[in-house]
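S.K.: Data file my_file-v1.cif (mmCIF, C-alpha atoms) is appended below.
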data_upload
loop_
_atom_site.label_atom_id
_atom_site.label_comp_id
_atom_site.auth_asym_id
_atom_site.auth_seq_id
_atom_site.Cartn_x
_atom_site.Cartn_y
_atom_site.Cartn_z
CA MET A 1 114.69 91.45 165.72
CA PRO A 2 111.54 90.17 167.55
CA GLN A 3 109.99 87.09 165.98
CA SER A 4 106.71 88.90 165.22
CA GLN A 5 108.55 91.64 163.31
CA TYR A 6 110.57 89.03 161.40
CA HIS A 7 107.40 87.22 160.30
CA SER A 8 105.78 90.54 159.31
CA LEU A 9 108.84 91.53 157.24
CA TRP A 10 108.98 88.11 155.56
CA ALA A 11 105.25 88.19 154.77
CA GLY A 12 105.56 91.63 153.18
CA LEU A 13 108.54 90.52 151.08
CA HIS A 14 106.67 87.38 150.01
CA ARG A 15 103.68 89.43 148.84
CA ARG A 16 105.94 91.74 146.81
CA VAL A 17 107.65 88.77 145.15
CA GLN A 18 104.25 87.29 144.29
CA LEU A 19 103.16 90.57 142.69
CA TRP A 20 106.21 90.81 140.44
CA LEU A 21 106.04 87.11 139.47
CA ILE A 22 102.82 87.82 137.54
CA PRO A 23 104.30 90.19 134.92
CA ILE A 24 107.55 88.19 134.88
CA PHE A 25 105.60 85.05 133.95
CA PHE A 26 103.73 86.77 131.14
CA MET A 27 106.92 88.39 129.85
CA LEU A 28 108.87 85.13 129.79
CA ALA A 29 106.08 82.95 128.37
CA PRO A 30 106.40 84.31 124.80
CA ILE A 31 110.18 83.88 124.97
CA VAL A 32 109.85 80.20 125.91
CA GLN A 33 107.20 79.71 123.23
CA HIS A 34 109.41 81.39 120.65
CA ALA A 35 112.42 79.23 121.61
CA HIS A 36 110.29 76.10 121.25
CA ALA A 37 109.06 77.22 117.85
CA GLN A 38 112.67 77.72 116.78
CA GLU A 39 113.45 74.09 117.59
CA LEU A 40 110.55 72.93 115.42
CA SER A 41 111.36 75.15 112.43
CA ASP A 42 112.79 73.55 109.28
CA GLN A 43 116.44 73.71 108.28
CA SER A 44 115.87 76.43 105.68
CA SER A 45 114.88 78.95 108.35
CA ALA A 46 118.27 78.51 110.05
CA ALA A 47 119.89 80.49 107.28
CA ARG A 48 117.75 83.49 108.05
CA GLN A 49 118.40 85.87 110.94
CA SER A 50 116.44 84.57 113.95
CA GLY A 51 116.30 84.59 117.72
CA TRP A 52 115.31 87.01 120.44
CA VAL A 53 117.38 89.59 122.28
CA VAL A 54 116.47 89.29 125.96
CA THR A 55 117.34 91.88 128.63
CA LEU A 56 117.08 91.04 132.35
CA GLY A 57 118.08 93.12 135.36
CA GLY A 58 116.67 95.37 138.02
CA TYR A 59 116.50 98.77 139.68
CA GLY A 60 117.11 99.46 143.34
CA ASP A 61 115.51 102.73 144.37
CA LEU A 62 114.51 104.97 147.23
CA GLU A 63 110.83 105.90 146.85
CA PRO A 64 107.77 106.81 148.97
CA LYS A 65 106.54 103.87 151.03
CA PHE A 66 103.05 104.26 149.55
CA GLU A 67 100.90 106.77 147.66
CA GLY A 68 101.30 110.17 149.35
CA ALA A 69 103.75 109.06 152.07
CA ARG A 70 106.26 111.55 153.43
CA HIS A 71 108.73 108.78 154.33
CA GLN A 72 110.69 106.69 151.85
CA GLY A 73 111.85 103.09 151.68
CA LEU A 74 114.17 100.91 149.61
CA TRP A 75 112.51 98.87 146.85
CA PHE A 76 113.42 96.68 143.91
CA HIS A 77 111.90 96.70 140.41
CA PRO A 78 112.80 94.07 137.80
CA ILE A 79 113.87 94.86 134.24
CA ILE A 80 112.49 92.47 131.62
CA ASP A 81 112.56 93.16 127.89
CA TYR A 82 112.73 91.19 124.65
CA ARG A 83 112.79 91.87 120.93
CA ASP A 84 113.61 90.10 117.66
CA VAL A 85 117.25 89.95 116.65
CA GLY A 86 117.91 92.79 114.22
CA SER A 87 114.85 94.79 115.28
CA ARG A 88 114.84 98.23 116.85
CA GLU A 89 115.92 98.59 120.47
CA TRP A 90 113.18 100.67 122.13
CA LEU A 91 113.95 102.89 125.09
CA SER A 92 112.42 101.61 128.34
CA LEU A 93 112.14 103.92 131.36
CA PRO A 94 111.84 102.90 135.03
CA ASN A 95 108.25 104.19 135.32
CA ASP A 96 107.06 102.18 132.29
CA GLY A 97 104.83 99.18 132.87
CA PHE A 98 105.66 95.71 131.54
CA ASP A 99 104.43 95.92 127.96
CA PHE A 100 103.65 93.34 125.26
CA PRO A 101 103.71 95.14 121.87
CA LEU A 102 101.25 93.69 119.38
CA ILE A 103 101.42 96.56 116.89
CA VAL A 104 104.91 97.70 115.91
CA THR A 105 105.91 100.08 113.11
CA GLU A 106 109.00 102.20 112.53
CA GLY A 107 108.11 104.85 115.13
CA PHE A 108 105.07 103.43 116.91
CA ARG A 109 104.13 100.47 119.06
CA ALA A 110 101.09 99.52 121.16
CA GLY A 111 99.60 96.61 123.07
CA PRO A 112 98.74 95.29 126.55
CA VAL A 113 100.60 96.51 129.64
CA VAL A 114 100.68 95.46 133.30
CA ASN A 115 102.10 97.13 136.38
CA GLY A 116 102.03 96.93 140.17
CA ARG A 117 101.53 99.30 143.07
CA TRP A 118 102.88 98.82 146.59
CA GLU A 119 100.57 98.15 149.52
CA ARG A 120 99.52 100.58 152.23
CA ASP A 121 99.81 98.37 155.33
CA VAL A 122 98.34 100.29 158.27
CA SER A 123 99.89 97.93 160.82
CA SER A 124 103.37 99.18 159.90
CA LEU A 125 102.65 102.78 158.94
CA VAL A 126 103.95 105.87 160.67
CA ARG A 127 101.77 107.47 163.30
CA GLY A 128 98.81 109.27 161.74
CA PHE A 129 97.94 106.70 159.06
CA ARG A 130 97.28 103.76 161.37
CA ARG A 131 93.57 104.52 161.75
CA VAL A 132 92.74 104.49 158.05
CA ARG A 133 92.22 101.30 156.09
CA SER A 134 95.06 99.41 154.45
CA ILE A 135 95.34 98.85 150.70
CA ASP A 136 96.70 95.56 149.43
CA LEU A 137 99.40 95.10 146.82
CA SER A 138 97.70 95.95 143.55
CA ALA A 139 98.12 94.69 140.01
CA GLU A 140 96.97 96.88 137.11
CA ALA A 141 96.36 95.80 133.52
CA GLY A 142 95.50 97.83 130.45
CA VAL A 143 96.90 99.13 127.18
CA PHE A 144 99.81 101.35 126.14
CA ALA A 145 100.80 103.32 123.07
CA GLU A 146 104.24 104.80 122.33
CA TRP A 147 105.04 107.17 119.49
CA TRP A 148 108.35 108.62 118.33
CA PRO A 149 107.47 111.56 116.02
CA VAL A 150 111.22 112.14 115.56
CA GLU A 151 114.19 110.04 116.65
CA TYR A 152 114.91 112.26 119.68
CA LEU A 153 111.37 112.56 121.09
CA ARG A 154 109.42 109.80 122.84
CA THR A 155 105.75 110.05 123.87
CA ARG A 156 103.91 107.34 125.78
CA VAL A 157 100.52 106.78 127.39
CA GLU A 158 99.40 103.90 129.60
CA VAL A 159 95.80 103.34 130.69
CA ARG A 160 95.46 100.66 133.38
CA ASP A 161 92.67 99.25 135.55
CA ALA A 162 93.29 97.60 138.92
CA VAL A 163 92.54 93.89 138.55
CA PHE A 164 93.13 93.07 142.23
CA GLY A 165 94.18 94.90 145.37
CA ALA A 166 92.98 98.48 144.96
CA ARG A 167 90.37 99.62 142.43
CA GLY A 168 90.04 102.26 139.76
CA ILE A 169 91.57 103.37 136.47
CA VAL A 170 94.74 105.44 136.09
CA ALA A 171 96.27 106.99 132.96
CA ASP A 172 99.97 107.92 132.87
CA LEU A 173 101.29 110.21 130.13
CA SER A 174 104.93 111.10 129.49
CA THR A 175 107.10 112.87 126.94
CA ASP A 176 110.89 112.57 126.88
CA GLY A 177 113.61 114.21 124.92
CA VAL A 178 116.28 111.61 124.13
CA TRP A 179 119.95 112.39 123.49
CA ARG A 180 122.58 109.82 122.57
CA PRO A 181 126.05 111.44 122.68
CA GLY A 182 127.96 108.57 121.16
CA ASP A 183 127.35 104.83 121.08
CA ARG A 184 127.43 104.20 124.83
CA TRP A 185 125.39 106.99 126.47
CA THR A 186 121.61 107.45 126.43
CA LEU A 187 120.16 110.48 128.24
CA SER A 188 116.46 111.32 128.54
CA ALA A 189 114.28 113.81 130.41
CA GLY A 190 110.74 115.13 130.22
CA PRO A 191 107.39 115.89 131.88
CA ARG A 192 104.90 113.48 133.46
CA LEU A 193 101.13 113.66 133.97
CA SER A 194 98.85 111.17 135.74
CA LEU A 195 95.03 111.09 135.64
CA ALA A 196 92.71 108.87 137.69
CA ASP A 197 89.01 108.10 137.97
CA ALA A 198 86.92 108.56 141.11
CA ALA A 199 87.34 104.93 142.26
CA PHE A 200 91.15 105.19 142.21
CA MET A 201 91.18 108.59 143.94
CA GLN A 202 88.78 107.41 146.63
CA SER A 203 90.90 104.30 147.28
CA TYR A 204 94.05 106.28 148.01
CA TYR A 205 92.98 109.78 149.06
CA SER A 206 89.43 109.79 150.44
CA VAL A 207 88.45 109.62 154.12
CA ASP A 208 85.03 108.10 154.84
CA THR A 209 82.93 108.59 157.96
CA ALA A 210 84.26 105.55 159.81
CA GLN A 211 87.87 106.47 159.06
CA SER A 212 87.19 110.04 160.14
CA ILE A 213 85.87 108.88 163.51
CA ARG A 214 88.85 106.57 164.09
CA SER A 215 91.56 108.96 162.88
CA GLY A 216 90.21 112.39 163.75
CA LEU A 217 90.64 113.51 160.15
CA PRO A 218 87.78 115.31 158.40
CA VAL A 219 85.65 113.44 155.88
CA TYR A 220 86.95 113.93 152.35
CA SER A 221 85.87 112.57 148.96
CA ALA A 222 88.55 112.87 146.30
CA PRO A 223 87.09 113.50 142.83
CA ALA A 224 88.34 112.16 139.51
CA GLY A 225 90.85 114.24 137.58
CA ILE A 226 94.54 115.06 137.65
CA ARG A 227 96.35 112.91 140.20
CA SER A 228 99.85 114.31 139.77
CA PHE A 229 102.30 116.06 137.47
CA GLY A 230 106.08 116.06 137.45
CA ALA A 231 109.23 115.19 135.55
CA GLY A 232 111.78 112.45 135.20
CA SER A 233 115.25 111.81 133.79
CA LEU A 234 117.44 108.81 133.01
CA ALA A 235 121.14 108.29 132.27
CA LYS A 236 122.17 104.95 130.78
CA TYR A 237 125.68 103.76 130.00
CA LYS A 238 126.35 100.67 127.88
CA TRP A 239 129.60 99.08 129.04
CA SER A 240 129.35 96.43 126.35
CA GLU A 241 126.72 94.80 124.16
CA SER A 242 125.79 92.71 127.19
CA ILE A 243 126.00 95.00 130.24
CA SER A 244 124.40 98.39 130.93
CA THR A 245 124.02 100.52 134.06
CA MET A 246 121.42 103.22 134.70
CA ALA A 247 120.60 106.01 137.13
CA PHE A 248 117.30 107.88 137.26
CA VAL A 249 115.27 110.50 139.10
CA GLU A 250 111.46 110.78 139.07
CA TYR A 251 109.47 113.53 140.80
CA GLN A 252 105.73 113.90 140.99
CA ARG A 253 103.68 116.55 142.72
CA LEU A 254 100.24 115.41 143.83
CA TRP A 255 97.68 117.77 142.32
CA THR A 256 94.72 119.51 143.98
CA ALA A 257 92.27 116.59 144.30
CA ALA A 258 94.93 114.39 145.94
CA ALA A 259 97.02 117.06 147.70
CA GLU A 260 93.96 118.54 149.47
CA SER A 261 93.13 115.19 151.05
CA PRO A 262 93.69 115.38 154.84
CA LEU A 263 95.69 112.18 154.50
CA ILE A 264 98.20 114.11 152.41
CA ASP A 265 97.78 117.64 153.76
CA ASP A 266 97.93 116.64 157.44
CA ARG A 267 99.76 113.30 157.53
CA GLY A 268 101.60 112.82 154.23
CA SER A 269 103.33 114.86 151.55
CA PRO A 270 102.37 115.99 148.03
CA ASN A 271 106.02 115.80 146.97
CA GLN A 272 106.88 112.30 145.78
CA LEU A 273 110.54 111.75 144.85
CA THR A 274 112.13 108.52 143.59
CA VAL A 275 115.84 108.05 142.87
CA GLY A 276 117.50 104.81 141.84
CA VAL A 277 120.22 102.91 140.03
CA GLY A 278 120.04 99.74 137.99
CA MET A 279 121.91 97.18 135.93
CA SER A 280 120.83 94.98 133.04
CA PHE A 281 122.26 92.02 131.14
CA THR A 282 121.44 91.34 127.48
CA PHE A 283 121.78 88.04 125.63
CA VAL A 284 120.38 86.22 122.61
CA VAL A 285 118.19 83.09 122.74
CA GLY A 286 116.79 80.88 119.99
CA ARG A 287 119.67 81.15 117.50
#
Could the structure of this file be written out as structure tokens, please?
M.R.:
Amino acid sequence: MPQSQYHSLWAGLHRRVQLWLIPIFFMLAPIVQHAHAQELSDQSSAARQSGWVVTLGGYGDLEPKFEGARHQGLWFHPIIDYRDVGSREWLSLPNDGFDFPLIVTEGFRAGPVVNGRWERDVSSLVRGFRRVRSIDLSAEAGVFAEWWPVEYLRTRVEVRDAVFGARGIVADLSTDGVWRPGDRWTLSAGPRLSLADAAFMQSYYSVDTAQSIRSGLPVYSAPAGIRSFGAGSLAKYKWSESISTMAFVEYQRLWTAAAESPLIDDRGSPNQLTVGVGMSFTFVVGR
């Protein structure tokens, strides 16, 4: 591999690691704080059930290289979750952001959420996208709410705003039917819907005058509205109380405002498919 390509690959990997370190830090900070508080608690609390159940792991998947790309690449997404010992184990799906529940009841939880979005690096893109501007790795922060009206139905909404990288607000809505045939299997499937404001749509799907001159694509201004719709499914198998493996499929179809962009219509694809497998390890801390 030429030295210039090696440095470019390493720089891209370094930026992706930096992006995922942000939510990982905020997820692990409460765990460390909780463990420290356990050390300072009095002896009477030791008799009560205490500690946190921590789950760490990751997904390896094949997904579009960037928003609207027709080519796919291999990526990694970490799995980080924690809950009180004895509390409910909530279902987490691969497309969920990293959440921090502040309000938790029997069938509802809500709080802050963060997520990331891969860069659109024009220096390494396929022919046709090289004359439009790049978009940096983006971090998005916002709020989420998850409601289980019955034990086999999960609904979730996330509303996030880009805090660096790209710009704009996106709202992701999902509903999943959940089936647990026995103690080891968890199966889920359901529809997806994504909405975005004008700033987000213009970042990823619009073509301004300068880009039009450079690329030969017509000028296009993507309006706010429906970004995509689709469906997803997950199969999870628990080998033991400590080890689980997962496989998933997510499909989204870019809707009119995004799909009619010349970036997508002429150079990309409205069909966005992601498939992946993962493994997680669960253990208890603070006991």
S.K.: Between A:Phe108, A:Phe283, A:Tyr204, A:Phe144, which is the closest to Ile243 of chain A once you count only C-alpha atoms?
M.R.: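 Closest residue, counting only C-alpha atoms: A:Phe283.
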S.K.: Can you turn the PyMOL selection byres ((chain A and resi 233) around 7) into a concrete residue list for this file, as a short mmCIF file (atom, residue, chain, number, x, y, z; two decimals) with C-alpha atoms, in the coordinates of the input?
M.R.:
data_model
loop_
_atom_site.label_atom_id
_atom_site.label_comp_id
_atom_site.auth_asym_id
_atom_site.auth_seq_id
_atom_site.Cartn_x
_atom_site.Cartn_y
_atom_site.Cartn_z
CA SER A 188 116.46 111.32 128.54
CA ALA A 189 114.28 113.81 130.41
CA GLY A 190 110.74 115.13 130.22
CA GLY A 232 111.78 112.45 135.20
CA LEU A 234 117.44 108.81 133.01
CA PHE A 248 117.30 107.88 137.26
CA VAL A 249 115.27 110.50 139.10
CA GLU A 250 111.46 110.78 139.07
#
S.K.: Give me the residues within 6 Å of segment 269-282 of chain A as a ChimeraX atom specification, counting all atoms listed in the file and dropping any in the same chain fewer than 6 places off.
M.R.: /A:54-63,68-70,242-254,259
S.K.: Go through A:Ser228, A:Lys236, A:Tyr205, A:Val85 and flag the residue nearest Asp265 of chain A, using all atoms listed in the file for the distances.
M.R.: A:Tyr205
S.K.: Return the single residue from A:Ala210, A:Ala198, A:Ala231, A:Leu137 that is closest to Ser174 of chain A, with distances computed using only C-alpha atoms.
M.R.: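 For Ser174 of chain A, the nearest of the given residues is A:Ala231.
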S.K.: Using all atoms listed in the file, find the one residue out of A:Ile226, A:Ala110, A:Ile264, A:Ala162 that sits nearest to Glu146 of chain A.
M.R.: A:Ala110
S.K.: For a quick check of understanding, using all atoms listed in the file, which of A:Val150, A:Ile169, A:Arg120, A:His71 has the smallest distance to Gly225 of chain A?
M.R.: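 For Gly225 of chain A, the nearest of the given residues is A:Ile169.
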S.K.: What separation in Å, quoted to one decimal, exists between atom CA of Ser261 of chain A and atom CA of Glu140 of chain A?
M.R.: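 A separation of 23.3 Å between them.
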S.K.: Please indicate the distance in Å from atom CA of Asp266 of chain A to atom CA of Pro218 of chain A, rounded to one decimal place.
M.R.: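 Going from atom CA of Asp266 of chain A over to atom CA of Pro218 of chain A, I get 10.3 Å.
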S.K.: Measuring between all atoms listed in the file, which one of A:Asp172, A:Glu67, A:Glu158, A:Asp84 shows the shortest distance to Glu119 of chain A?
M.R.: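 Using all atoms listed in the file, Glu119 of chain A sits closest to A:Glu67.
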S.K.: Given the file above and the PyMOL selection byres ((chain A and resi 142) around 8), which residues are selected, and can you give them as an mmCIF file with C-alpha atoms, in the frame of the given file?
M.R.:
data_model
loop_
_atom_site.group_PDB
_atom_site.id
_atom_site.type_symbol
_atom_site.label_atom_id
_atom_site.label_comp_id
_atom_site.auth_asym_id
_atom_site.auth_seq_id
_atom_site.Cartn_x
_atom_site.Cartn_y
_atom_site.Cartn_z
ATOM 1 C CA PRO A 112 98.740 95.290 126.550
ATOM 2 C CA VAL A 113 100.600 96.510 129.640
ATOM 3 C CA VAL A 114 100.680 95.460 133.300
ATOM 4 C CA GLU A 140 96.970 96.880 137.110
ATOM 5 C CA ALA A 141 96.360 95.800 133.520
ATOM 6 C CA VAL A 143 96.900 99.130 127.180
ATOM 7 C CA PHE A 144 99.810 101.350 126.140
ATOM 8 C CA GLU A 158 99.400 103.900 129.600
ATOM 9 C CA VAL A 159 95.800 103.340 130.690
ATOM 10 C CA ARG A 160 95.460 100.660 133.380
ATOM 11 C CA ASP A 161 92.670 99.250 135.550
#
S.K.: If you apply the PyMOL selection byres ((chain A and resi 106) around 10) to this file, what residues do you get, as a PyMOL selection string?
M.R.: chain A and resi 87-88+104-105+107-109+147-148
S.K.: Could those selected residues go to a file with C-alpha atoms, as a PDB file, in the frame of the given file?
M.R.:
ATOM      1  CA  SER A  87     114.850  94.790 115.280  1.00  0.00           C
ATOM      2  CA  ARG A  88     114.840  98.230 116.850  1.00  0.00           C
ATOM      3  CA  VAL A 104     104.910  97.700 115.910  1.00  0.00           C
ATOM      4  CA  THR A 105     105.910 100.080 113.110  1.00  0.00           C
ATOM      5  CA  GLY A 107     108.110 104.850 115.130  1.00  0.00           C
ATOM      6  CA  PHE A 108     105.070 103.430 116.910  1.00  0.00           C
ATOM      7  CA  ARG A 109     104.130 100.470 119.060  1.00  0.00           C
ATOM      8  CA  TRP A 147     105.040 107.170 119.490  1.00  0.00           C
ATOM      9  CA  TRP A 148     108.350 108.620 118.330  1.00  0.00           C
TER      10      TRP A 148
END
S.K.: What does the structure give for the distance between atom CA of Val163 of chain A and atom CA of Asp136 of chain A, in Å to one decimal?
M.R.: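 Taking atom CA of Val163 of chain A as the start and atom CA of Asp136 of chain A as the end point, the length is 11.8 Å.
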S.K.: Atoms are missing here; could segment 59-73 of chain A be completed with N, CA, C and O atoms and written as a PDB file, keeping the file's coordinate frame?
M.R.:
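Final output, saved to result-v9.pdb:
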ATOM      1  N   TYR A  59     116.218  97.476 139.076  1.00  0.00           N
ATOM      2  CA  TYR A  59     116.500  98.770 139.680  1.00  0.00           C
ATOM      3  C   TYR A  59     116.358  98.657 141.198  1.00  0.00           C
ATOM      4  O   TYR A  59     115.405  98.058 141.694  1.00  0.00           O
ATOM      5  N   GLY A  60     117.284  99.233 141.916  1.00  0.00           N
ATOM      6  CA  GLY A  60     117.110  99.460 143.340  1.00  0.00           C
ATOM      7  C   GLY A  60     116.882 100.947 143.536  1.00  0.00           C
ATOM      8  O   GLY A  60     117.635 101.766 143.006  1.00  0.00           O
ATOM      9  N   ASP A  61     115.815 101.300 144.248  1.00  0.00           N
ATOM     10  CA  ASP A  61     115.510 102.730 144.370  1.00  0.00           C
ATOM     11  C   ASP A  61     115.007 103.087 145.757  1.00  0.00           C
ATOM     12  O   ASP A  61     114.614 102.236 146.552  1.00  0.00           O
ATOM     13  N   LEU A  62     115.050 104.381 146.021  1.00  0.00           N
ATOM     14  CA  LEU A  62     114.510 104.970 147.230  1.00  0.00           C
ATOM     15  C   LEU A  62     113.266 105.732 146.822  1.00  0.00           C
ATOM     16  O   LEU A  62     113.359 106.694 146.055  1.00  0.00           O
ATOM     17  N   GLU A  63     112.100 105.306 147.300  1.00  0.00           N
ATOM     18  CA  GLU A  63     110.830 105.900 146.850  1.00  0.00           C
ATOM     19  C   GLU A  63     109.856 105.966 148.015  1.00  0.00           C
ATOM     20  O   GLU A  63     110.061 105.314 149.053  1.00  0.00           O
ATOM     21  N   PRO A  64     108.766 106.745 147.893  1.00  0.00           N
ATOM     22  CA  PRO A  64     107.770 106.810 148.970  1.00  0.00           C
ATOM     23  C   PRO A  64     107.240 105.419 149.307  1.00  0.00           C
ATOM     24  O   PRO A  64     107.064 104.569 148.438  1.00  0.00           O
ATOM     25  N   LYS A  65     106.979 105.181 150.588  1.00  0.00           N
ATOM     26  CA  LYS A  65     106.540 103.870 151.030  1.00  0.00           C
ATOM     27  C   LYS A  65     105.174 103.490 150.468  1.00  0.00           C
ATOM     28  O   LYS A  65     104.859 102.305 150.363  1.00  0.00           O
ATOM     29  N   PHE A  66     104.360 104.493 150.152  1.00  0.00           N
ATOM     30  CA  PHE A  66     103.050 104.260 149.550  1.00  0.00           C
ATOM     31  C   PHE A  66     102.582 105.580 148.965  1.00  0.00           C
ATOM     32  O   PHE A  66     103.244 106.618 149.083  1.00  0.00           O
ATOM     33  N   GLU A  67     101.429 105.563 148.305  1.00  0.00           N
ATOM     34  CA  GLU A  67     100.900 106.770 147.660  1.00  0.00           C
ATOM     35  C   GLU A  67     100.720 107.901 148.670  1.00  0.00           C
ATOM     36  O   GLU A  67      99.941 107.779 149.625  1.00  0.00           O
ATOM     37  N   GLY A  68     101.458 108.999 148.495  1.00  0.00           N
ATOM     38  CA  GLY A  68     101.300 110.170 149.350  1.00  0.00           C
ATOM     39  C   GLY A  68     102.120 110.147 150.624  1.00  0.00           C
ATOM     40  O   GLY A  68     101.998 111.065 151.444  1.00  0.00           O
ATOM     41  N   ALA A  69     102.959 109.142 150.829  1.00  0.00           N
ATOM     42  CA  ALA A  69     103.750 109.060 152.070  1.00  0.00           C
ATOM     43  C   ALA A  69     104.832 110.133 152.092  1.00  0.00           C
ATOM     44  O   ALA A  69     105.368 110.522 151.051  1.00  0.00           O
ATOM     45  N   ARG A  70     105.159 110.584 153.285  1.00  0.00           N
ATOM     46  CA  ARG A  70     106.260 111.550 153.430  1.00  0.00           C
ATOM     47  C   ARG A  70     107.582 110.848 153.722  1.00  0.00           C
ATOM     48  O   ARG A  70     108.640 111.471 153.660  1.00  0.00           O
ATOM     49  N   HIS A  71     107.522 109.560 154.056  1.00  0.00           N
ATOM     50  CA  HIS A  71     108.730 108.780 154.330  1.00  0.00           C
ATOM     51  C   HIS A  71     109.002 107.845 153.158  1.00  0.00           C
ATOM     52  O   HIS A  71     108.079 107.417 152.458  1.00  0.00           O
ATOM     53  N   GLN A  72     110.280 107.517 152.985  1.00  0.00           N
ATOM     54  CA  GLN A  72     110.690 106.690 151.850  1.00  0.00           C
ATOM     55  C   GLN A  72     111.245 105.349 152.316  1.00  0.00           C
ATOM     56  O   GLN A  72     111.610 105.182 153.485  1.00  0.00           O
ATOM     57  N   GLY A  73     111.299 104.408 151.394  1.00  0.00           N
ATOM     58  CA  GLY A  73     111.850 103.090 151.680  1.00  0.00           C
ATOM     59  C   GLY A  73     112.610 102.578 150.472  1.00  0.00           C
ATOM     60  O   GLY A  73     112.495 103.108 149.362  1.00  0.00           O
TER      61      GLY A  73
END
